[in-house]
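Asker: Quick one: structure below, then a few questions.
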Amino acid sequence: MGMLLQEEAELSTAINSQTLMGECIMEKKGISGAEAVVLSLLAEGVECVFGYPGGAIMPVYDALYDYRDRLQHFLVRHEQGAAHAAQGYARVKRRAGVCMATSGPGATNLITGIADAMIDSTPIVCITGQVGKHLLGTDAFQETDVIGISMPITKWNYQVTRAEEIPEAIAKAFYIAQSGRPGPVLVDITKNAQTEIFDFQYRKCTKIRSYFPKRKVDLSAVERAAALINNAERPFMLIGHGVVLSGAQAEVKEMAEKAGIPVASTLLGLSAMSVHHPQYVGYLGMHGNYGPNVLTNECDVLIAVGMRFDDRVTGRLDGYAKQAKVIHIEIDPAEIDKNVKTEVAVVADAKEALQALLPLLEVKRYPEWMAKFKECDATEREKVILKDFAPTTSLPKMAEVIRMLSQMTQGKAIIATDVGQHQMMATRYYEFDEPYSNITSGGLGTMGFCLPAAIGAKIGCPDRQVVAVIGDGGFQMTLQELGVIMQYNIPVKILLLNNNFLGMVRQWQQLFFERRYSSVDIQNPDFVKLAESYYIPARRVDNREELGKALEEMLNSQSAYFLEVMVEKEDNVFPMVPSGASVAEIRLE
Amino acid sequence: MQALEENQQRYTVSIFTEDKVGLLSRITAIFTRRKINVDSLTVSETENKGISRFTVVIRTTPDRIGVIVRQIEKQVEVLKAFYYSDEQIVYQELALYKMPTEAFAGSQVVEKIIRDNYARVITIEPEFIVIEKTGHEEETMKLFNELKPYGVLSFVRSGRIAIAKPMKLLKVHLEELENISAF
């Protein structure tokens, strides 16, 4: 410190260098920037890329041709599919997915996927081609300011205009995407940088001066948290995506078992804890379970781990857990006190924080408190669940289909969902019993997410059964990606729950807009013929008698399979916390 | 000066960043996304080479300012961001006033205005004279209002620049961040 005071005007040496890079792990003299892009990806251990070629990225595609045995490229049918596939891959593989597109429309088509990855903290690295440096700002053919457009929805982005910048830009991209709270990054590479020749050296990025991705666990905060938990009478733990991202499933389970705390999950936290665990009390949020929602307002200590108090979880904030002391364990300091004021904040990785917390916790049991969740379960069973399984027509209900799927896969499949009623039914009734199994678009609510994300998940995890549970609306937003399944023989199972309605919007119109069904009655094509036109075996079922057999056929298929199940047309998802209501005002019917 | 709405306060946000293309957009997007108008903004290099300081004046509520500043700090290339109320900083603005030279002829009124306001003349041309005044917005506006009857041809005011009163150095803040971080 003494020395530092003498050099007041200079920053300490520890933070003097803007970016710290590791040892050179790959080098090659006299190569093009395009080849450097491919080698940089290989140096980062990338095995596959989802993308679409075009003018400004052609040199990179030319280089990919030379490395096609080491880096597999999946040709999507629309760049949005590339971004979502990279997301699905990243979620199951627990590392950054990579997507690639050309300039202009190629780059803008990625945007929805990038925004989805940003709000759901998914690490993806997007590489876009750009017009040559001399053409920047001239409204050249397929020139778009993708740096400007993607700025608010990327964790970081950078435009490369010289070949020499490529290795460091890509190294930083991977480091930033995967560290701390993960997210999407975009590297835009001008065409001249792709063709320039230079001497390539690759070093991984190890640190950036201005970037503090993760904090050490603050033991005094952990002690304060432990004291609150040990003195609690009705503690309640909420687990979110952060638990999945940090791999803290075992710690959550141990904490629940040791301290006797009931655990509920957010939408993106699903599958982090087995639904069969006795301490697991269900799923939070607008269409989550009754108990976890209403009892949020009865707990005395609320322990939120790796979640961000999204409005779909909290409902109206001034009616949310006002009685509780809140402990927030969260890696991103910007989330602390953003929506819910905390008593104790532990700004750290979920796994590391829970490891520090566990030894300080006393062994406790809360039989009366746990019984309250059971009572709520009984109410939900009577008012909601029985109805969800009670047929009113010959058509199956969504819940029946999901429960059957769940039983047939023993809760061990990867379930990718789209957005809407089928998503809520799938996440309510699929009994997740294996981690990293829930792939859905939570924060952004992106219809069209499911199919490409399921493709990415199957490529990332070829040994697991991957089922894309999808609605008839969302399916038609990215159904062109059936082409990827066809071309690369990706054995994704597609389960289309077809009610010939934009069901969730219809439900809102029924409940809040006096049944004025405005633009929700959707005329659909013959989906079976459509799937068959992509040479995917397909079947339609419109009665519950055939359902089991059809699901069995789908699950046993060695190839991709498309199963369309006609479901009850005007089914509603309950419970429901109406928008703007408090969690205590949850509706059961 | 823009009026304050209920619960709003004026804050000066000091942001220390890497000197990188695009950061200005990244930072202003954090305000525009929340429909916060930027009252003034200046950017300059700091005493540390390669590190820029953004000084942004905004109006928002005491509840929101901390959330907003943490969102700024979260940006990869932002080193550290601070927010201050007016009492916690020493701040200045610079204003230039272009007057017709004839306004000075035959009368000492304009000269007296300049004297009374501690302004100074920085350029004299046959057709115009440029006056400079540093101070708070109220002061530079007061001079503008006094000069106005004599024909102000052009008036420009800079954004606020500010220096915080607390003595803690940026590098100490950064060292603290280093110490609590894991890499």
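To be explicit about the labels: the chains of the structure tokens are called A, B, and onward in the order shown, and within each one the residues are counted from 1, while ligands get numbers from 1 in the order they are shown.
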Can you list, as a ChimeraX atom specification, all residues belonging to chain B that DSSP tags as helix (DSSP H, G or I)?
Answerer: /B:23-32,62-73,86-88,101-104,109-116,137-150,170-180
Asker: Taking only residues of chain A that have an atom at most 8 Å from an atom of chain B, what is each one's shortest atom pair and its distance in Å to one decimal, using only C-alpha atoms, in chain and number order, as CSV?
Answerer:
```
residue,atom,partner,partner_atom,distance
A:Ala9,CA,B:Glu47,CA,6.1
A:Glu10,CA,B:Asn48,CA,6.0
A:Leu11,CA,B:Lys171,CA,5.5
A:Ser12,CA,B:Lys171,CA,6.9
A:Gly148,CA,B:Ser25,CA,7.6
A:Met151,CA,B:Arg26,CA,6.2
A:Pro152,CA,B:Arg26,CA,6.6
A:Lys155,CA,B:Gln75,CA,7.2
A:Trp156,CA,B:Val76,CA,6.6
A:Thr206,CA,B:Phe183,CA,7.9
A:Lys207,CA,B:Phe183,CA,7.2
A:Arg209,CA,B:Leu79,CA,7.5
A:Ser210,CA,B:Leu79,CA,4.4
A:Tyr211,CA,B:Val76,CA,5.1
A:Phe212,CA,B:Ser181,CA,6.3
A:Pro213,CA,B:Phe183,CA,7.2
A:Lys214,CA,B:Ala182,CA,5.5
A:Arg215,CA,B:Ser181,CA,3.9
A:Lys216,CA,B:Ala182,CA,5.1
A:Asp218,CA,B:Ile180,CA,7.9
A:Pro333,CA,B:Arg70,CA,7.2
A:Ala334,CA,B:Arg70,CA,4.9
A:Asp337,CA,B:Val67,CA,7.6
A:Lys338,CA,B:Val67,CA,5.9
```
Asker: Can those selected residues be exported to a file as a compact mmCIF listing (two decimals), in the first residue's frame so that it contains N, CA and C atoms?
Answerer:
```
# COMPACT_ATOMS: atom_id res chain seq x y z
N ALA A 9 -1.07 8.49 -9.15
CA ALA A 9 -1.74 8.65 -10.44
C ALA A 9 -1.83 7.34 -11.22
N GLU A 10 -1.15 6.30 -10.74
CA GLU A 10 -1.15 5.07 -11.52
C GLU A 10 -1.95 3.99 -10.84
N LEU A 11 -2.56 3.16 -11.63
CA LEU A 11 -3.29 2.03 -11.07
C LEU A 11 -2.29 0.98 -10.64
N SER A 12 -2.71 0.15 -9.69
CA SER A 12 -1.81 -0.88 -9.20
C SER A 12 -1.45 -1.85 -10.33
N GLY A 148 -24.40 -2.02 -32.89
CA GLY A 148 -25.37 -1.13 -32.26
C GLY A 148 -26.66 -1.84 -31.90
N MET A 151 -26.18 -4.33 -28.95
CA MET A 151 -25.54 -3.82 -27.73
C MET A 151 -26.37 -4.06 -26.44
N PRO A 152 -27.65 -3.69 -26.45
CA PRO A 152 -28.38 -3.88 -25.19
C PRO A 152 -28.73 -5.32 -24.87
N LYS A 155 -23.94 -9.47 -23.52
CA LYS A 155 -23.11 -9.20 -22.35
C LYS A 155 -21.90 -8.38 -22.79
N TRP A 156 -21.46 -8.63 -24.02
CA TRP A 156 -20.32 -7.91 -24.59
C TRP A 156 -20.37 -8.12 -26.10
N THR A 206 -7.74 -14.93 -19.51
CA THR A 206 -7.88 -15.36 -18.11
C THR A 206 -8.44 -14.25 -17.23
N LYS A 207 -8.34 -13.02 -17.68
CA LYS A 207 -8.82 -11.94 -16.84
C LYS A 207 -8.95 -10.65 -17.64
N ARG A 209 -9.36 -6.48 -16.90
CA ARG A 209 -9.20 -5.53 -15.80
C ARG A 209 -10.52 -4.96 -15.27
N SER A 210 -11.42 -4.68 -16.19
CA SER A 210 -12.65 -3.98 -15.79
C SER A 210 -13.79 -4.94 -15.46
N TYR A 211 -13.50 -6.24 -15.42
CA TYR A 211 -14.58 -7.24 -15.33
C TYR A 211 -14.37 -8.11 -14.10
N PHE A 212 -15.35 -8.10 -13.24
CA PHE A 212 -15.27 -8.88 -12.00
C PHE A 212 -16.41 -9.90 -11.99
N PRO A 213 -16.18 -11.05 -12.65
CA PRO A 213 -17.30 -11.95 -12.90
C PRO A 213 -17.87 -12.62 -11.66
N LYS A 214 -17.03 -12.78 -10.67
CA LYS A 214 -17.47 -13.60 -9.54
C LYS A 214 -16.78 -13.11 -8.30
N ARG A 215 -17.49 -13.17 -7.17
CA ARG A 215 -16.84 -12.76 -5.92
C ARG A 215 -16.54 -13.98 -5.05
N LYS A 216 -15.55 -13.79 -4.22
CA LYS A 216 -15.31 -14.80 -3.19
C LYS A 216 -16.52 -14.78 -2.26
N ASP A 218 -18.42 -14.19 0.85
CA ASP A 218 -18.22 -13.33 2.01
C ASP A 218 -18.70 -14.11 3.25
N PRO A 333 -24.22 -8.91 -8.78
CA PRO A 333 -24.55 -7.88 -7.78
C PRO A 333 -25.68 -6.95 -8.22
N ALA A 334 -25.88 -6.82 -9.53
CA ALA A 334 -26.94 -5.92 -10.01
C ALA A 334 -28.33 -6.47 -9.69
N ASP A 337 -31.37 -6.42 -4.41
CA ASP A 337 -32.29 -5.30 -4.13
C ASP A 337 -32.90 -4.70 -5.40
N LYS A 338 -32.81 -5.40 -6.52
CA LYS A 338 -33.40 -4.87 -7.75
C LYS A 338 -34.92 -4.88 -7.65
```
Asker: Can you list, as number ranges by chain, every protein, DNA or RNA residue that comes within 12 Å of Val492 of chain A when you count only C-alpha atoms, leaving out same-chain residues fewer than 3 positions away?
Answerer: A: 413-416, 450-469, 481-482, 484-486, 488-489, 495, 536-537, 554-563
Asker: Could you write out, as a list in words, all the residues of segment 359-513 of chain A that DSSP marks as strand (DSSP E)?
Answerer: Ile414, Ile415, Ala416, Thr417, Asn438, Ile439, Val466, Val467, Ala468, Val469, Ile470, Gly471, Lys493, Ile494, Leu495, Leu496, Leu497 and Asn498 of chain A
Asker: For atom CA of Gly159 of chain B and atom CA of Gly135 of chain B, quote the distance in Å rounded to one decimal.
Answerer: 11.3 Å
Asker: Leaving out Asp145 of chain A and any residue of its chain fewer than 4 positions from it, which residues lie within 12 Å of it when counting only C-alpha atoms, given as an MDAnalysis selection string?
Answerer: (chainID A and resid 103:105 107:108 128:131 135:140 149:151 157:159 188:190) or (chainID B and resid 22)
Asker: Might you pull out every residue within 12 Å of segment 339-345 of chain A, with only C-alpha atoms counted and same-chain residues fewer than 2 positions away left off, and present them as a ChimeraX atom specification?
Answerer: /A:217-229,300-337,347-348,350,353 /B:63-64,66-67
Asker: Using only C-alpha atoms, determine which residues lie at most 12 Å from Ala390 of chain A, disregarding the query and same-chain residues fewer than 3 positions distant; provide the list as number ranges by chain.
Answerer: A: 381-387, 393-400, 544, 568, 571
Asker: Neighbours of Lys112 of chain B within 12 Å (only C-alpha atoms; same-chain residues fewer than 5 positions away dropped), as a PDB file with N, CA and C atoms, in the first residue's frame?
Answerer:
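Okay, this is what ended up in result.pdb:
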```pdb
ATOM      1  N   PHE B 104     -20.873  46.433 -27.478  1.00  0.00           N
ATOM      2  CA  PHE B 104     -19.948  47.018 -26.508  1.00  0.00           C
ATOM      3  C   PHE B 104     -19.710  48.504 -26.774  1.00  0.00           C
ATOM      4  N   SER B 107     -21.324  52.185 -24.813  1.00  0.00           N
ATOM      5  CA  SER B 107     -21.943  51.968 -23.505  1.00  0.00           C
ATOM      6  C   SER B 107     -21.065  51.025 -22.701  1.00  0.00           C
ATOM      7  N   ASN B 117     -20.342  39.414 -13.347  1.00  0.00           N
ATOM      8  CA  ASN B 117     -20.552  37.955 -13.386  1.00  0.00           C
ATOM      9  C   ASN B 117     -19.235  37.160 -13.377  1.00  0.00           C
ATOM     10  N   TYR B 118     -18.129  37.867 -13.209  1.00  0.00           N
ATOM     11  CA  TYR B 118     -16.813  37.208 -13.239  1.00  0.00           C
ATOM     12  C   TYR B 118     -16.633  36.390 -14.516  1.00  0.00           C
ATOM     13  N   ALA B 119     -17.125  36.921 -15.631  1.00  0.00           N
ATOM     14  CA  ALA B 119     -16.911  36.271 -16.926  1.00  0.00           C
ATOM     15  C   ALA B 119     -15.693  36.915 -17.572  1.00  0.00           C
ATOM     16  N   ARG B 120     -15.278  36.391 -18.698  1.00  0.00           N
ATOM     17  CA  ARG B 120     -14.147  37.027 -19.373  1.00  0.00           C
ATOM     18  C   ARG B 120     -14.317  36.957 -20.889  1.00  0.00           C
ATOM     19  N   LEU B 143     -26.124  34.953 -16.525  1.00  0.00           N
ATOM     20  CA  LEU B 143     -25.365  35.812 -17.443  1.00  0.00           C
ATOM     21  C   LEU B 143     -26.068  35.862 -18.810  1.00  0.00           C
ATOM     22  N   GLU B 146     -28.917  38.186 -18.697  1.00  0.00           N
ATOM     23  CA  GLU B 146     -28.513  39.595 -18.618  1.00  0.00           C
ATOM     24  C   GLU B 146     -27.990  40.112 -19.954  1.00  0.00           C
ATOM     25  N   LEU B 147     -27.321  39.197 -20.708  1.00  0.00           N
ATOM     26  CA  LEU B 147     -26.762  39.618 -22.000  1.00  0.00           C
ATOM     27  C   LEU B 147     -27.813  39.670 -23.102  1.00  0.00           C
TER      28      LEU B 147
END
```
Asker: In Å, rounded to a single decimal, give me how far atom CA of Ile163 of chain B is from atom CA of Ala3 of chain B.
Answerer: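 Atom CA of Ala3 of chain B sits 23.6 Å away from atom CA of Ile163 of chain B.
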Asker: To one decimal place, how far is atom CA of Leu357 of chain A from atom CA of Met255 of chain A in Å?
Answerer: 8.6 Å
